[in-house]
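For reference, the structure discussed in these notes is given below.
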Amino acid sequence: MATHNLIQTVTVGAGGAASIEFTSIPQTYTDLLVVCNGRTSGSGNGINISFNGNTSNYSNRALQGNGSNASSYGTYNRNAGMVTDSNQTASVFGSTSIYVPNYTGSTFKSYSADGVSEHNATTAYMNIVAGLWSDVAAITSLTISPMFGNFVYHSSASLYGIKNT
Amino acid sequence: MDKTYEPIAAQTLGSAAASVTFSSIPQTYTDLVLICSVQDNTTGQIQSNVQIQFNNDTGSNYSWTGIYGNGTSAVSHRQNNSTGAWAGYMSSASGVFSPIVFQIINYSNTTTFKTTISRANLGTLNPNTTTITEGVVSLWRNTNAISTVKINGAISFATGSTFVLYGIKAA
């Protein structure tokens with residue numbers, strides 16, 4: 001048995017989607033990994049995350065590079081990386097991976113996100129994010145959504161469960 | 001289907017410990033990945049570093065370069081002739097465990113020095129509002145195959161900290 005077990009893949013259909021949601025997540029793994037390949041219809045490439053339908057008690061710090069400068073910010077509380085947006089080269093989809101350790105535990109939930117928004121222009125972006133959900137509940141559902149606009153057609157995300165045995 | 005990402009060993013601390021060691025690591029994989037969820041056991045410690053040593057080498061044979069963001073600025077730091085590879089910072093805030101993903105590339109070869117990549121997050125709560133996200137590369141100037149990995153907390157790891165070592169096969 002593989003240690004990275006695919007739980008579910010969601011692919012956005014024609015017309016787009018405001019979010020991608022994974023529900024009824026099995027409580028039998030150690031960690032979770034979300035891998036998203038997406039593009040937003042809005043003028044912004046950021047991705048939000050929420051657990052168990054709760055959008056409160058999140059904090060984060062991000063480190064971002066754009067090809068010229070490095071910067072850091074903590075503006076978007078539910079930041080979970082980035083994809084590409086409507087201002088970027090057509091047909092290019094960005095990627096973000098989100099790692100959530102000990103998602104069934106009784107401690108606050110930390111996560112790491114690595115996002116890229118590469119395209120054919122002078123400026124492109126990547127970021128790494130430290131996120132914290134200050135809640136001790138086990139994670140049973142997970143939602144990612146664009147900060148601006150919707151996920152466009154063909155965006156996709158996969159949720160993996162990882163076992164340490 | 002063969003496993004390509006296989007758990008080698010896992011440890012969960014039942015009491016605070018200054019370090020955790022994985023020894024007798026099989027030499028049958030291509031790379032190693034260490035995944036930690038750790039908390040510093042020292043109340044009030046805002047940021048505490050985690051360093052890693054290989055094969056019980058405590059000499060100044062390591063170097064590393066990191067870049068981190070704290071919400072205000074991007075900062076790079078570096079140390080040569082270090083006594084350990086830099087994995088990242090961890091939190092001591094109540095209920096907060098810091099995730100670290102530490103990759104050891106081509107660990108079993110006996111011809112090249114060993115390089116590592118780490119992604120770490122330090123998250124704390126008020127009144128210690130420091131939160132950091134970090135990426136680090138480290139070098140161990142030794143050609144020996146890695147058979148032991150020792151993870152050191154600056155002071156000690158708290159109860160409930162977890163450490164899992166995975167082996168990855170390229171084929």
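By convention here, the chains of the structure tokens are called A, B, ... in the order presented, each chain's residues are numbered starting at 1, and ligands are numbered starting at 1 in the order presented.
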Chain B residues within 8 Å of chain A, counting only C-alpha atoms: which ones, as a ChimeraX atom specification? /B:1-10,37,68-74,95-99,120-123,131-134,164
Print the selection's residues with N, CA and C atoms to a file, as a CSV table (one decimal), in the first residue's frame.
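File result_3.csv, as written:
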chain,number,residue,atom,x,y,z
B,1,MET,N,1.7,-2.8,-6.7
B,1,MET,CA,2.6,-1.6,-7.0
B,1,MET,C,3.6,-1.4,-5.9
B,2,ASP,N,4.9,-1.2,-6.4
B,2,ASP,CA,5.9,-1.0,-5.4
B,2,ASP,C,5.7,0.4,-4.7
B,3,LYS,N,6.1,0.4,-3.5
B,3,LYS,CA,6.1,1.7,-2.8
B,3,LYS,C,7.2,2.6,-3.3
B,4,THR,N,7.0,3.9,-3.5
B,4,THR,CA,8.0,4.8,-3.8
B,4,THR,C,8.3,5.8,-2.7
B,5,TYR,N,7.4,5.8,-1.7
B,5,TYR,CA,7.4,6.8,-0.6
B,5,TYR,C,7.1,5.9,0.7
B,6,GLU,N,8.1,5.4,1.3
B,6,GLU,CA,7.9,4.4,2.3
B,6,GLU,C,8.3,4.9,3.7
B,7,PRO,N,7.4,4.7,4.7
B,7,PRO,CA,7.8,5.1,6.1
B,7,PRO,C,8.9,4.1,6.6
B,8,ILE,N,9.9,4.7,7.1
B,8,ILE,CA,11.0,3.9,7.7
B,8,ILE,C,10.8,3.8,9.2
B,9,ALA,N,10.5,4.9,9.9
B,9,ALA,CA,10.4,4.9,11.3
B,9,ALA,C,9.6,6.1,11.7
B,10,ALA,N,8.9,6.1,12.8
B,10,ALA,CA,8.2,7.2,13.4
B,10,ALA,C,8.3,7.2,14.9
B,37,SER,N,6.5,17.5,13.3
B,37,SER,CA,5.6,18.4,13.9
B,37,SER,C,6.0,18.7,15.3
B,68,TYR,N,13.7,33.7,5.1
B,68,TYR,CA,12.4,33.6,5.7
B,68,TYR,C,11.6,35.0,5.6
B,69,GLY,N,10.3,34.8,5.8
B,69,GLY,CA,9.5,36.0,5.9
B,69,GLY,C,8.7,36.0,7.2
B,70,ASN,N,8.6,37.2,7.8
B,70,ASN,CA,8.0,37.4,9.1
B,70,ASN,C,6.7,38.2,9.0
B,71,GLY,N,6.3,38.5,7.8
B,71,GLY,CA,5.1,39.3,7.7
B,71,GLY,C,5.4,40.7,7.4
B,72,THR,N,6.6,41.1,7.7
B,72,THR,CA,7.0,42.5,7.4
B,72,THR,C,8.1,42.6,6.4
B,73,SER,N,9.1,41.7,6.5
B,73,SER,CA,10.2,41.8,5.6
B,73,SER,C,10.7,40.4,5.3
B,74,ALA,N,11.5,40.3,4.2
B,74,ALA,CA,12.2,39.0,3.8
B,74,ALA,C,13.6,39.1,4.3
B,95,GLY,N,-0.3,24.7,22.3
B,95,GLY,CA,-1.2,24.2,21.3
B,95,GLY,C,-0.7,24.2,19.9
B,96,VAL,N,0.5,24.9,19.7
B,96,VAL,CA,1.0,25.2,18.3
B,96,VAL,C,2.2,24.3,18.1
B,97,PHE,N,2.1,23.4,17.1
B,97,PHE,CA,3.2,22.6,16.7
B,97,PHE,C,3.6,23.1,15.3
B,98,SER,N,4.9,23.2,15.1
B,98,SER,CA,5.5,23.7,13.9
B,98,SER,C,5.8,22.6,12.9
B,99,PRO,N,5.3,22.7,11.7
B,99,PRO,CA,5.7,21.7,10.7
B,99,PRO,C,7.0,21.9,10.0
B,120,ALA,N,10.0,25.1,6.6
B,120,ALA,CA,9.6,25.1,8.0
B,120,ALA,C,8.7,26.3,8.3
B,121,ASN,N,7.8,26.2,9.2
B,121,ASN,CA,7.0,27.3,9.7
B,121,ASN,C,7.0,27.4,11.2
B,122,LEU,N,7.2,28.6,11.6
B,122,LEU,CA,7.1,28.9,13.0
B,122,LEU,C,5.8,29.7,13.2
B,123,GLY,N,4.9,29.2,14.0
B,123,GLY,CA,3.6,29.9,14.3
B,123,GLY,C,3.4,30.1,15.7
B,131,THR,N,5.7,35.1,13.7
B,131,THR,CA,5.4,34.0,12.9
B,131,THR,C,6.3,34.0,11.6
B,132,ILE,N,6.9,32.9,11.3
B,132,ILE,CA,7.9,32.9,10.2
B,132,ILE,C,7.6,31.7,9.3
B,133,THR,N,7.8,31.9,8.0
B,133,THR,CA,7.8,30.9,7.0
B,133,THR,C,9.2,30.9,6.4
B,134,GLU,N,9.8,29.7,6.2
B,134,GLU,CA,11.2,29.7,5.9
B,134,GLU,C,11.6,28.5,4.9
B,164,VAL,N,8.7,11.7,11.6
B,164,VAL,CA,8.6,10.5,10.7
B,164,VAL,C,9.6,10.6,9.6
Using only C-alpha atoms, determine which residues lie at most 10 Å from region 120-122 of chain A, disregarding the query and same-chain residues fewer than 6 positions distant; provide the list as number ranges by chain. A: 66-68, 88-90, 92
Preceding selection exported with C-alpha atoms as a PDB file, in the first residue's frame:
ATOM      1  CA  ASN A  66       8.541  38.166  -8.077  1.00  0.00           C
ATOM      2  CA  GLY A  67      11.771  37.837 -10.010  1.00  0.00           C
ATOM      3  CA  SER A  68      13.101  41.156  -8.748  1.00  0.00           C
ATOM      4  CA  GLN A  88      -1.579  36.318 -16.701  1.00  0.00           C
ATOM      5  CA  THR A  89      -0.715  34.499 -19.893  1.00  0.00           C
ATOM      6  CA  ALA A  90      -3.734  32.696 -21.325  1.00  0.00           C
ATOM      7  CA  VAL A  92      -1.347  28.956 -18.043  1.00  0.00           C
TER       8      VAL A  92
END
Within 12 Å of Thr140 (chain A) using only C-alpha atoms, minus same-chain residues under 4 positions, as a ChimeraX atom specification: /A:21-29,32,50-54,103-105
Selection above as a file: N, CA and C atoms, as a short mmCIF file (atom, residue, chain, number, x, y, z; two decimals), in the first residue's frame:
data_model
loop_
_atom_site.label_atom_id
_atom_site.label_comp_id
_atom_site.auth_asym_id
_atom_site.auth_seq_id
_atom_site.Cartn_x
_atom_site.Cartn_y
_atom_site.Cartn_z
N GLU A 21 -14.08 21.74 -2.72
CA GLU A 21 -14.28 21.30 -1.34
C GLU A 21 -14.10 19.79 -1.24
N PHE A 22 -13.42 19.38 -0.18
CA PHE A 22 -13.30 17.96 0.15
C PHE A 22 -14.02 17.74 1.47
N THR A 23 -15.00 16.86 1.47
CA THR A 23 -15.79 16.63 2.68
C THR A 23 -15.62 15.19 3.14
N SER A 24 -16.08 14.93 4.34
CA SER A 24 -16.01 13.57 4.91
C SER A 24 -14.62 12.97 4.78
N ILE A 25 -13.61 13.77 5.13
CA ILE A 25 -12.22 13.30 5.02
C ILE A 25 -12.00 12.16 6.02
N PRO A 26 -11.51 11.02 5.59
CA PRO A 26 -11.25 9.91 6.52
C PRO A 26 -10.28 10.35 7.62
N GLN A 27 -10.50 9.82 8.81
CA GLN A 27 -9.66 10.18 9.96
C GLN A 27 -8.58 9.12 10.20
N THR A 28 -8.19 8.44 9.17
CA THR A 28 -7.30 7.29 9.30
C THR A 28 -5.88 7.55 8.86
N TYR A 29 -5.57 8.79 8.49
CA TYR A 29 -4.21 9.11 8.04
C TYR A 29 -3.48 9.94 9.09
N LEU A 32 -2.29 15.35 5.73
CA LEU A 32 -2.99 15.59 4.47
C LEU A 32 -2.11 16.42 3.53
N SER A 50 -9.95 26.92 4.06
CA SER A 50 -10.72 26.87 5.30
C SER A 50 -10.95 25.41 5.66
N PHE A 51 -11.04 25.18 6.96
CA PHE A 51 -11.25 23.83 7.47
C PHE A 51 -12.61 23.75 8.16
N ASN A 52 -13.30 22.66 7.95
CA ASN A 52 -14.57 22.38 8.62
C ASN A 52 -15.59 23.50 8.42
N GLY A 53 -15.48 24.24 7.30
CA GLY A 53 -16.40 25.32 7.02
C GLY A 53 -16.22 26.54 7.87
N ASN A 54 -15.14 26.59 8.62
CA ASN A 54 -14.88 27.70 9.56
C ASN A 54 -13.90 28.69 8.91
N TYR A 103 -3.65 16.21 11.19
CA TYR A 103 -4.95 16.88 11.00
C TYR A 103 -6.03 16.32 11.91
N THR A 104 -5.79 15.14 12.49
CA THR A 104 -6.80 14.56 13.39
C THR A 104 -6.51 14.86 14.85
N GLY A 105 -5.41 15.54 15.13
CA GLY A 105 -4.98 15.77 16.50
C GLY A 105 -5.81 16.81 17.23
#
Excluding region 43-59 of chain B and its own-chain neighbours fewer than 6 positions away, which residues fall within 10 Å of it when counting only C-alpha atoms? Please give them as a tab-separated table (two decimals) with C-alpha atoms, in the first residue's frame.
chain	number	residue	atom	x	y	z
B	19	SER	CA	16.84	15.25	20.60
B	20	VAL	CA	15.46	12.41	18.53
B	21	THR	CA	17.61	9.96	16.58
B	22	PHE	CA	16.89	7.64	13.68
B	23	SER	CA	19.69	5.08	13.33
B	24	SER	CA	20.43	2.07	11.15
B	81	ASN	CA	31.26	25.91	9.74
B	82	SER	CA	28.09	25.14	11.62
B	83	THR	CA	27.68	22.09	13.87
B	84	GLY	CA	24.43	21.07	12.20
B	85	ALA	CA	22.17	21.46	9.21
B	86	TRP	CA	19.46	24.06	9.76
B	87	ALA	CA	15.93	22.67	9.65
B	88	GLY	CA	14.08	25.79	10.77
B	89	TYR	CA	12.43	27.43	13.74
B	90	MET	CA	9.75	25.96	16.00
B	91	SER	CA	7.15	27.47	18.26
B	92	SER	CA	6.65	27.23	22.01
B	93	ALA	CA	3.14	28.66	21.97
B	94	SER	CA	0.54	26.52	23.70
B	100	ILE	CA	9.07	20.92	9.15
B	102	PHE	CA	13.32	18.15	5.56
B	114	LYS	CA	25.28	15.69	1.17
B	120	ALA	CA	9.61	25.11	8.01
B	122	LEU	CA	7.06	28.92	13.03
B	123	GLY	CA	3.63	29.90	14.26
B	124	THR	CA	2.89	31.56	17.57
B	125	LEU	CA	-0.01	33.28	19.21
B	127	PRO	CA	1.53	37.98	22.93
B	128	ASN	CA	4.36	36.48	20.91
B	129	THR	CA	3.19	37.51	17.48
B	130	THR	CA	6.28	36.33	15.66
B	131	THR	CA	5.40	33.96	12.85
B	132	ILE	CA	7.89	32.88	10.24
B	138	SER	CA	22.15	22.90	3.98
B	140	TRP	CA	27.20	18.40	5.11
B	142	ASN	CA	31.19	14.50	4.17
B	144	ASN	CA	29.89	8.99	3.87
B	145	ALA	CA	26.49	7.45	3.35
B	146	ILE	CA	24.02	8.71	5.93
B	147	SER	CA	22.96	5.98	8.32
B	148	THR	CA	21.96	8.10	11.33
B	149	VAL	CA	19.89	11.29	11.52
B	150	LYS	CA	19.75	13.18	14.82
B	151	ILE	CA	17.27	16.04	15.27
B	152	ASN	CA	18.28	18.53	17.95
B	153	GLY	CA	16.04	21.10	19.58
B	154	ALA	CA	17.74	24.27	20.75
B	155	ILE	CA	16.55	23.35	24.25
B	156	SER	CA	14.10	20.47	24.03
B	157	PHE	CA	11.10	19.18	22.13
Two-atom distance - CA of Leu32 (chain B), CA of Gly167 (chain B) (Å): 4.7 Å
